[in-house]
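Peer 1: Questions regarding the structure given below will be posed in turn.
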Amino acid sequence: MDTQQILINLAAILAGAAPLIFATMGETITERSGVVNLSLDGKMLLAAMTGFAVGVHTQNVLLGFVAAAGVGMLVALVLCFVSLGLRLSQTAVGFVLALLCTDLSSFLGNPYVRIPGVAVPAQPIPVLQDLPILGQVLFQHNLLIYASFLLVPLVWWFLFRTRAGLTLRALGERPTTAYARGVPVLPLQLLYVLLGGALVGIAGAAYTLDLKQGWSYRHIAGTGWIALAIVIFGGWNPWRVAFGCYLFGALQLFATRSQSLIPNVPTQIFQVAPFALMILILVLVNAGSNPTLQRWIEQLPAPLSQPVQHVLARLNTAAPAALGQPFRRP
Amino acid sequence: MDVQIRNLTKTFGSLRANDAISLSFAAGNIHGILGENGAGKSTLMKLLAGFLQRDSGEVLLDGQPARLHTPAAALAAGVGMVHQDPMDIPAFSALENFFCASPRRALPSLAVARQRLIQLNQQLGFTVAPDQPLARLTVGQRQQLEIMRLLACGVKVLILDEPTTGITAAQKTALFAALRRLTAQGETVLFVSHKLDEVAELCQTVSILRNGRVVGPQLAMPQPQAELIKLMFGQEGAPAPPRPTTAPPTPASATPVWQLNQITVREGALTVSNLTLSLPRGCVVGLCGLDGSGQQVLLRLLAGRLRPERGQLLLHGVDVTRAPYRAFRAAGIEYLPADRMHDGVIGALTLTEHLLLTRKPHGLIINRADACTQAETAIAAYNIKATPDTPLASLSGGNQQRAMLALLSAECTGLLFDQPTRGLDVVSARAIWQRLLHRRTEGTAIVFASADFDELLDYSDLLLVFFGGQVSHLLPCATMTATRLAELIGGVGFAEVAARDG
Amino acid sequence: MTDNLPTETTPEALPAPPLPRTRMQPAIQLLTSAAIIIGGTLLFTTLVLLASGTAPLEAYRLILSGAFRNPRTIADLIMLTAPLLLCSAGLTLTFSAGLYNLGIEGQIVIGAVLAMVPLRLLPDLPPPVLWLLALSAGASGGMLWALLVGVLRLYTNVSEIFVGLGLNFIAIGITLYLVFGPWKRPGVASMSGTEPLPEALWLPTLEGSRLVPLAPIIALVGISVVWFALTRTHWGLELRATGLNLAAAERLGVPAHARLVQSLAGCGALAGLAGALQILAVYRALIPNISSGIGFLALLVVLLVRFNPVWVGPVAILFASFSIGSIQLPLQLGIDSSIAGVLQGTLVLFALIAQGVQERRR
């Protein structure tokens, strides 16, 4: 592979992972505030379909994204009503919404299957696009991809460097404490779940209005589940979550490229493989917390065991302590 | 700020936790609120802090009616509370905790917050380093942090709920000095306690609660102790607890229930090392120490829930160092955790179903009628207010605790109990101990951890003091006093009683 | 260290007071629940139908009655209900143990794949023996796949949801590999699956119908066994105790981790049986979409009845009838059949809402 090919691949990974960045950043915000939104898979499909349909009717990409974000927020609102308002299992509600939204997207999206629509226009950044190497990798995309680059530091800064971010994390760690300090727990959780929902909605539309440029039944099914897995893999830290997204993007690209190299394996396998691999990676990373394994590592010679322990300790970040537990006012 | 309470009432179901309470506290003073456990002190303070919502009545601040329906409203009005379990966030650093959810006016930035925290530390003689993770602070330091945070938020009325539980003697001295300094600056301090001597030492006035009501007038301190005791407990004064009637067996007389040889055990960041100990039959051993000093580690080790890293553990003379939990159960060891609903009982299941789970009757198929009869027997024998088909979650704390005792097998030889009476009223607590002492006379070894000095001193035959993972040798309870115990827990003179190696 | 922090307790550990119960209350509760579920679902799906420009009444008529149109559709209904019932029975076990077994799709698929093995390797055995072999292979395959979920969940601490989903992807990969690789049709491989089984190996059908009587019989036995195990045996009580509060169950002497794994094994075996039936009685070949989403549909069934095995049967039939009834929608009304899924999902959503409303009232 020559340099040119590598640069093309890098640019493709960055572009291909952009929708996932939106989805995972949205879910990171949601989960940091203590709520699990398991409906991602269906919600993204429904938002993807809606965004595309609105784009087709208005011939306006921006309106498509606005509609998709609206759908994401609407589904998030239902989740909040049932899980925060009525205090039912967030897992159960999220799962039901995931299936329901998937079927809704198939049903309502029926007229829009494989018809031409609108797409985000390419927008290379003047001057910067001509930089050697970086220009081709980073600055020859469209506004959506640039936004995905900016989103990661922005979410990190918000969560870890602002007053509001500290309060947000307090909600996910110990909502009773936040309440005792005068924080309106449920309204804030609602706000952040809605914000997360909007980002997930944008992620859905990013597929139909940019990456895949079109709509068909369930064509991004599975992506939402992977986004959820990546948030766990990333330990609820935006940088590591973004790394997970690009890792998955790389796996997908690698799978596509390998198709031509290994012709006797059916192509369909390459479409599934990245999903399975990503979860496998998650499982392997988490296996480090197993006490038996840890004891085993401790018995390795010191120069070996210490770096391994260090890496494993860094990889294992605890989930927000109150994740998934609805707040009950004392 | 003056605080006036008029006819404040709060009920939980059928329980009147606060019944038409009227009190007033003048600004610039330390006011003691005295009462035994369960008298309604905490509830009253939580109502003032907006943490709970009153059913009726009103609160006046400086003569103006105040709506304290949420903590936010109470804080805005200048009322702040340090809860008995400090309300903080374990995953954050001290500074983050200090800064979290503070008003922008008071602490505009993290840098200002750091300055303010350092300054308050100096001003009050506290010792909280800004960048320490909260998990490394002692309970006393976490409480100091909360006090400083509330002061930084501009609180004019500071409520402290049982602030001396779990802190060292030195921290207590620092706390009292700080509180006096604060009242000199015009703060009003409400000091909630069930300890007479502390109230006597610190407070200018004292109000006494009993069974959710105010007893007698607000008194200016000092007052004769006998008078206060009479008010706290009613005409009969402090009732005598049921004391063990027989002398404990001498440790060497028979095979001990547990024998620990050079045990090292670790849980999380806490290590108890090189412990050699022999716990005999028919004996009550009280474990005391600050929260998380190693008492729970020992209980879980003895229960078989935690494996030792080194050393040898014998149970009735049999080596069980590597044995699984069920081997401990088979040998008659039972473990009753502090948090009943967390890992004590299964709230949604009934007493009958619990009996089926623990008694392990033979056969594949459930004999419900038989289990029901057993449940009825247990209900009668243990005076549990329930039917065989009531889910345990809907029982009161005392009834749940009695149900846990009823589930113990008759062949129980060693009983490990974490906080046997926490959160129970005096009558329920006494009934629990009557049962436990009965078991003791039948030869069961009882090991319990408690934060309540009175409970430890009243019921133990022997005491083990924990200090930061270090353990004393077995101290005879008869020669122990509350003052000495408080010192030991705080580490004063601990070296003299610390168990020697080997 | 966080373990040592005091947990939040309600003041003075208060009891929830027993409510005075009148005789009318259960009836009123049932009526409110029914009103929320039926009213909410009708309102929402009608809006969806109107949004797609369909006459709602006509659509409802077709969906509700379509499955009972003629003996052929009734046979289809039964042949969909049977695997759905088996999976729902299995999920009743895992839900009772407190597990979200989203890996059930993969368990069906691996059951189907393993059921194919004896059919392809030993086609000359007498058919009854072969059927027995295929069914047991299917059950073992599903069980194996579910045990993998259990082991990974216990040893890596990753939620069973994600472990299960990962294994679903792998199971689909295996199927695709077989359909397009070693087991491909002579000539060209396609998504339509492997070469159909020789007719001699098909499970016997009712004369002139696609109904295989053995399938519903196996399903009924499956759900009955699950009902009996959960409500009448010590094992079932221990399973429920584990699901309600694992730490407490363990303390009371229940081998909780063993029960978790056993519930998964049981669910996997039932799902694998469903997969084997898909091969032997429905598709008679291995196709890439062999599970047909039955596993996820079963999750909805069990969530709707809140793990109560008695109600699993009727709801499974209802949901299957929606699916069968909606098959004719594209031809008759020109709308997509996924409206069945919308209807099913909405029903479960409003059932959850109704449950929440009832619990809030207490």
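Labels for the structure tokens follow display order: chains A, B, ..., residues from 1 in each chain, ligands from 1.
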Show which residues sit within 9 Å of range 320-325 of chain B, as a PyMOL selection string. Count only C-alpha atoms, and ignore same-chain residues fewer than 4 positions away.
Peer 2: (chain B and resi 303-308+310-315+329-330) or (chain C and resi 251+253)
Peer 1: Suppose we keep N, CA and C atoms; can you now write the selection as a PDB file, in the first residue's frame?
Peer 2:
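selection-v3.pdb, written as the output of this step:
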```pdb
ATOM      1  N   ALA B 303     -17.506 -15.039  57.688  1.00  0.00           N
ATOM      2  CA  ALA B 303     -18.692 -15.624  57.067  1.00  0.00           C
ATOM      3  C   ALA B 303     -18.351 -16.463  55.847  1.00  0.00           C
ATOM      4  N   GLY B 304     -17.101 -16.390  55.401  1.00  0.00           N
ATOM      5  CA  GLY B 304     -16.740 -17.143  54.198  1.00  0.00           C
ATOM      6  C   GLY B 304     -17.078 -16.395  52.926  1.00  0.00           C
ATOM      7  N   ARG B 305     -17.387 -15.097  53.058  1.00  0.00           N
ATOM      8  CA  ARG B 305     -17.694 -14.300  51.864  1.00  0.00           C
ATOM      9  C   ARG B 305     -16.425 -13.701  51.286  1.00  0.00           C
ATOM     10  N   LEU B 306     -15.324 -13.834  51.996  1.00  0.00           N
ATOM     11  CA  LEU B 306     -14.075 -13.212  51.582  1.00  0.00           C
ATOM     12  C   LEU B 306     -12.963 -14.206  51.880  1.00  0.00           C
ATOM     13  N   ARG B 307     -12.113 -14.466  50.905  1.00  0.00           N
ATOM     14  CA  ARG B 307     -11.027 -15.428  51.133  1.00  0.00           C
ATOM     15  C   ARG B 307      -9.791 -14.717  51.647  1.00  0.00           C
ATOM     16  N   PRO B 308      -9.103 -15.313  52.639  1.00  0.00           N
ATOM     17  CA  PRO B 308      -7.853 -14.696  53.101  1.00  0.00           C
ATOM     18  C   PRO B 308      -6.759 -14.854  52.042  1.00  0.00           C
ATOM     19  N   ARG B 310      -3.430 -14.802  52.961  1.00  0.00           N
ATOM     20  CA  ARG B 310      -2.439 -15.645  53.619  1.00  0.00           C
ATOM     21  C   ARG B 310      -3.015 -16.100  54.945  1.00  0.00           C
ATOM     22  N   GLY B 311      -2.381 -17.113  55.523  1.00  0.00           N
ATOM     23  CA  GLY B 311      -2.770 -17.564  56.846  1.00  0.00           C
ATOM     24  C   GLY B 311      -3.785 -18.687  56.800  1.00  0.00           C
ATOM     25  N   GLN B 312      -4.275 -19.056  57.968  1.00  0.00           N
ATOM     26  CA  GLN B 312      -5.117 -20.230  58.078  1.00  0.00           C
ATOM     27  C   GLN B 312      -6.355 -19.887  58.899  1.00  0.00           C
ATOM     28  N   LEU B 313      -7.502 -20.365  58.444  1.00  0.00           N
ATOM     29  CA  LEU B 313      -8.752 -20.125  59.149  1.00  0.00           C
ATOM     30  C   LEU B 313      -9.373 -21.466  59.517  1.00  0.00           C
ATOM     31  N   LEU B 314      -9.575 -21.688  60.814  1.00  0.00           N
ATOM     32  CA  LEU B 314     -10.194 -22.935  61.263  1.00  0.00           C
ATOM     33  C   LEU B 314     -11.610 -22.647  61.738  1.00  0.00           C
ATOM     34  N   LEU B 315     -12.526 -23.538  61.394  1.00  0.00           N
ATOM     35  CA  LEU B 315     -13.905 -23.415  61.830  1.00  0.00           C
ATOM     36  C   LEU B 315     -14.227 -24.685  62.597  1.00  0.00           C
ATOM     37  N   ARG B 329     -21.803 -22.126  55.627  1.00  0.00           N
ATOM     38  CA  ARG B 329     -23.224 -22.254  55.977  1.00  0.00           C
ATOM     39  C   ARG B 329     -23.525 -23.636  56.524  1.00  0.00           C
ATOM     40  N   ALA B 330     -22.906 -24.629  55.897  1.00  0.00           N
ATOM     41  CA  ALA B 330     -23.152 -25.995  56.340  1.00  0.00           C
ATOM     42  C   ALA B 330     -22.636 -26.195  57.771  1.00  0.00           C
TER      43      ALA B 330
ATOM     44  N   ARG C 251     -26.579 -14.846  49.807  1.00  0.00           N
ATOM     45  CA  ARG C 251     -26.393 -14.872  51.250  1.00  0.00           C
ATOM     46  C   ARG C 251     -27.274 -15.924  51.912  1.00  0.00           C
ATOM     47  N   GLY C 253     -27.994 -18.656  50.806  1.00  0.00           N
ATOM     48  CA  GLY C 253     -27.542 -19.998  50.488  1.00  0.00           C
ATOM     49  C   GLY C 253     -27.932 -20.495  49.111  1.00  0.00           C
TER      50      GLY C 253
END
```
Peer 1: Applying 9 Å and only C-alpha atoms, which residues near Leu356 in chain B remain after dropping the ones on its own chain fewer than 6 positions away? List them as a PyMOL selection string.
Peer 2: (chain B and resi 366-368+371) or (chain C and resi 234+237)
Peer 1: Next, write the just-selected residues to a file, as a PDB file, in the first residue's frame, keeping C-alpha atoms as the atom set.
Peer 2:
```
ATOM      1  CA  ILE B 366     -42.408 -27.211  46.821  1.00  0.00           C
ATOM      2  CA  ASN B 367     -44.687 -28.233  49.662  1.00  0.00           C
ATOM      3  CA  ARG B 368     -46.382 -24.895  50.169  1.00  0.00           C
ATOM      4  CA  ALA B 371     -43.838 -24.083  54.489  1.00  0.00           C
TER       5      ALA B 371
ATOM      6  CA  HIS C 234     -37.416 -25.230  44.630  1.00  0.00           C
ATOM      7  CA  LEU C 237     -38.015 -20.331  43.521  1.00  0.00           C
TER       8      LEU C 237
END
```
Peer 1: Name the residues in contact with range 97-108 of chain A at a cut-off of 7 Å, using only C-alpha atoms, excluding same-chain residues fewer than 2 positions from it; report them as an mmCIF file with N, CA and C atoms, in the first residue's frame.
Peer 2:
```cif
data_model
loop_
_atom_site.group_PDB
_atom_site.id
_atom_site.type_symbol
_atom_site.label_atom_id
_atom_site.label_comp_id
_atom_site.auth_asym_id
_atom_site.auth_seq_id
_atom_site.Cartn_x
_atom_site.Cartn_y
_atom_site.Cartn_z
ATOM 1 N N SER A 39 -32.391 2.653 23.320
ATOM 2 C CA SER A 39 -33.209 2.635 22.100
ATOM 3 C C SER A 39 -32.414 3.059 20.870
ATOM 4 N N LEU A 40 -31.119 3.280 21.027
ATOM 5 C CA LEU A 40 -30.311 3.858 19.949
ATOM 6 C C LEU A 40 -30.534 3.224 18.587
ATOM 7 N N ASP A 41 -30.544 1.885 18.538
ATOM 8 C CA ASP A 41 -30.563 1.225 17.243
ATOM 9 C C ASP A 41 -31.792 1.621 16.432
ATOM 10 N N GLY A 42 -32.963 1.564 17.078
ATOM 11 C CA GLY A 42 -34.180 1.919 16.365
ATOM 12 C C GLY A 42 -34.298 3.420 16.150
ATOM 13 N N LYS A 43 -33.857 4.174 17.159
ATOM 14 C CA LYS A 43 -33.983 5.619 17.084
ATOM 15 C C LYS A 43 -33.172 6.175 15.926
ATOM 16 N N LEU A 45 -32.398 4.595 13.176
ATOM 17 C CA LEU A 45 -33.082 4.252 11.921
ATOM 18 C C LEU A 45 -34.236 5.207 11.665
ATOM 19 N N LEU A 46 -35.039 5.456 12.700
ATOM 20 C CA LEU A 46 -36.209 6.315 12.521
ATOM 21 C C LEU A 46 -35.762 7.734 12.150
ATOM 22 N N MET A 49 -34.464 7.787 8.576
ATOM 23 C CA MET A 49 -35.569 7.787 7.616
ATOM 24 C C MET A 49 -36.224 9.165 7.568
ATOM 25 N N VAL A 93 -37.631 -0.399 28.665
ATOM 26 C CA VAL A 93 -38.237 0.630 27.826
ATOM 27 C C VAL A 93 -37.358 0.906 26.610
ATOM 28 N N GLY A 94 -36.061 1.009 26.849
ATOM 29 C CA GLY A 94 -35.143 1.279 25.746
ATOM 30 C C GLY A 94 -35.208 0.197 24.690
ATOM 31 N N PHE A 95 -35.244 -1.042 25.142
ATOM 32 C CA PHE A 95 -35.286 -2.147 24.183
ATOM 33 C C PHE A 95 -36.579 -2.123 23.372
ATOM 34 N N ASN A 110 -41.373 3.311 3.824
ATOM 35 C CA ASN A 110 -41.650 2.506 2.634
ATOM 36 C C ASN A 110 -41.568 3.295 1.327
ATOM 37 N N TYR A 217 -34.613 -0.327 3.846
ATOM 38 C CA TYR A 217 -35.024 -0.984 5.093
ATOM 39 C C TYR A 217 -33.835 -1.366 5.955
ATOM 40 N N ARG A 218 -33.843 -0.976 7.176
ATOM 41 C CA ARG A 218 -32.893 -1.467 8.187
ATOM 42 C C ARG A 218 -31.443 -1.414 7.753
ATOM 43 N N SER C 52 -49.372 7.410 6.972
ATOM 44 C CA SER C 52 -48.943 6.755 5.737
ATOM 45 C C SER C 52 -50.056 6.744 4.692
ATOM 46 N N ASP C 336 -46.406 -1.418 4.001
ATOM 47 C CA ASP C 336 -45.420 -2.391 4.440
ATOM 48 C C ASP C 336 -45.955 -3.219 5.607
ATOM 49 N N SER C 338 -44.452 -4.208 8.122
ATOM 50 C CA SER C 338 -43.830 -3.941 9.419
ATOM 51 C C SER C 338 -44.782 -3.232 10.380
ATOM 52 N N ILE C 339 -45.982 -2.878 9.908
ATOM 53 C CA ILE C 339 -46.970 -2.306 10.822
ATOM 54 C C ILE C 339 -47.278 -3.290 11.953
ATOM 55 N N GLY C 341 -45.094 -5.081 13.516
ATOM 56 C CA GLY C 341 -44.086 -4.800 14.533
ATOM 57 C C GLY C 341 -44.411 -3.532 15.297
ATOM 58 N N VAL C 342 -44.922 -2.523 14.575
ATOM 59 C CA VAL C 342 -45.313 -1.277 15.230
ATOM 60 C C VAL C 342 -46.394 -1.560 16.261
ATOM 61 N N GLY C 345 -44.882 -3.573 19.235
ATOM 62 C CA GLY C 345 -44.032 -2.731 20.074
ATOM 63 C C GLY C 345 -44.856 -1.728 20.869
ATOM 64 N N THR C 346 -45.853 -1.128 20.199
ATOM 65 C CA THR C 346 -46.679 -0.131 20.890
ATOM 66 C C THR C 346 -47.451 -0.772 22.036
#
```
Peer 1: For chain C, which residue among A:Val200, A:Leu159, A:Leu86, A:Ala69 is the nearest when counting only C-alpha atoms?
Peer 2: A:Leu86
Peer 1: Tell me the residues of chain C close to chain A, meaning within 9 Å using only C-alpha atoms, as a PyMOL selection string.
Peer 2: chain C and resi 8+10-11+48-49+51-52+100+152-158+162-163+165-170+172-174+176-177+180-181+296-297+299-300+303+335-346+348-349+352-353+355-357+359-360
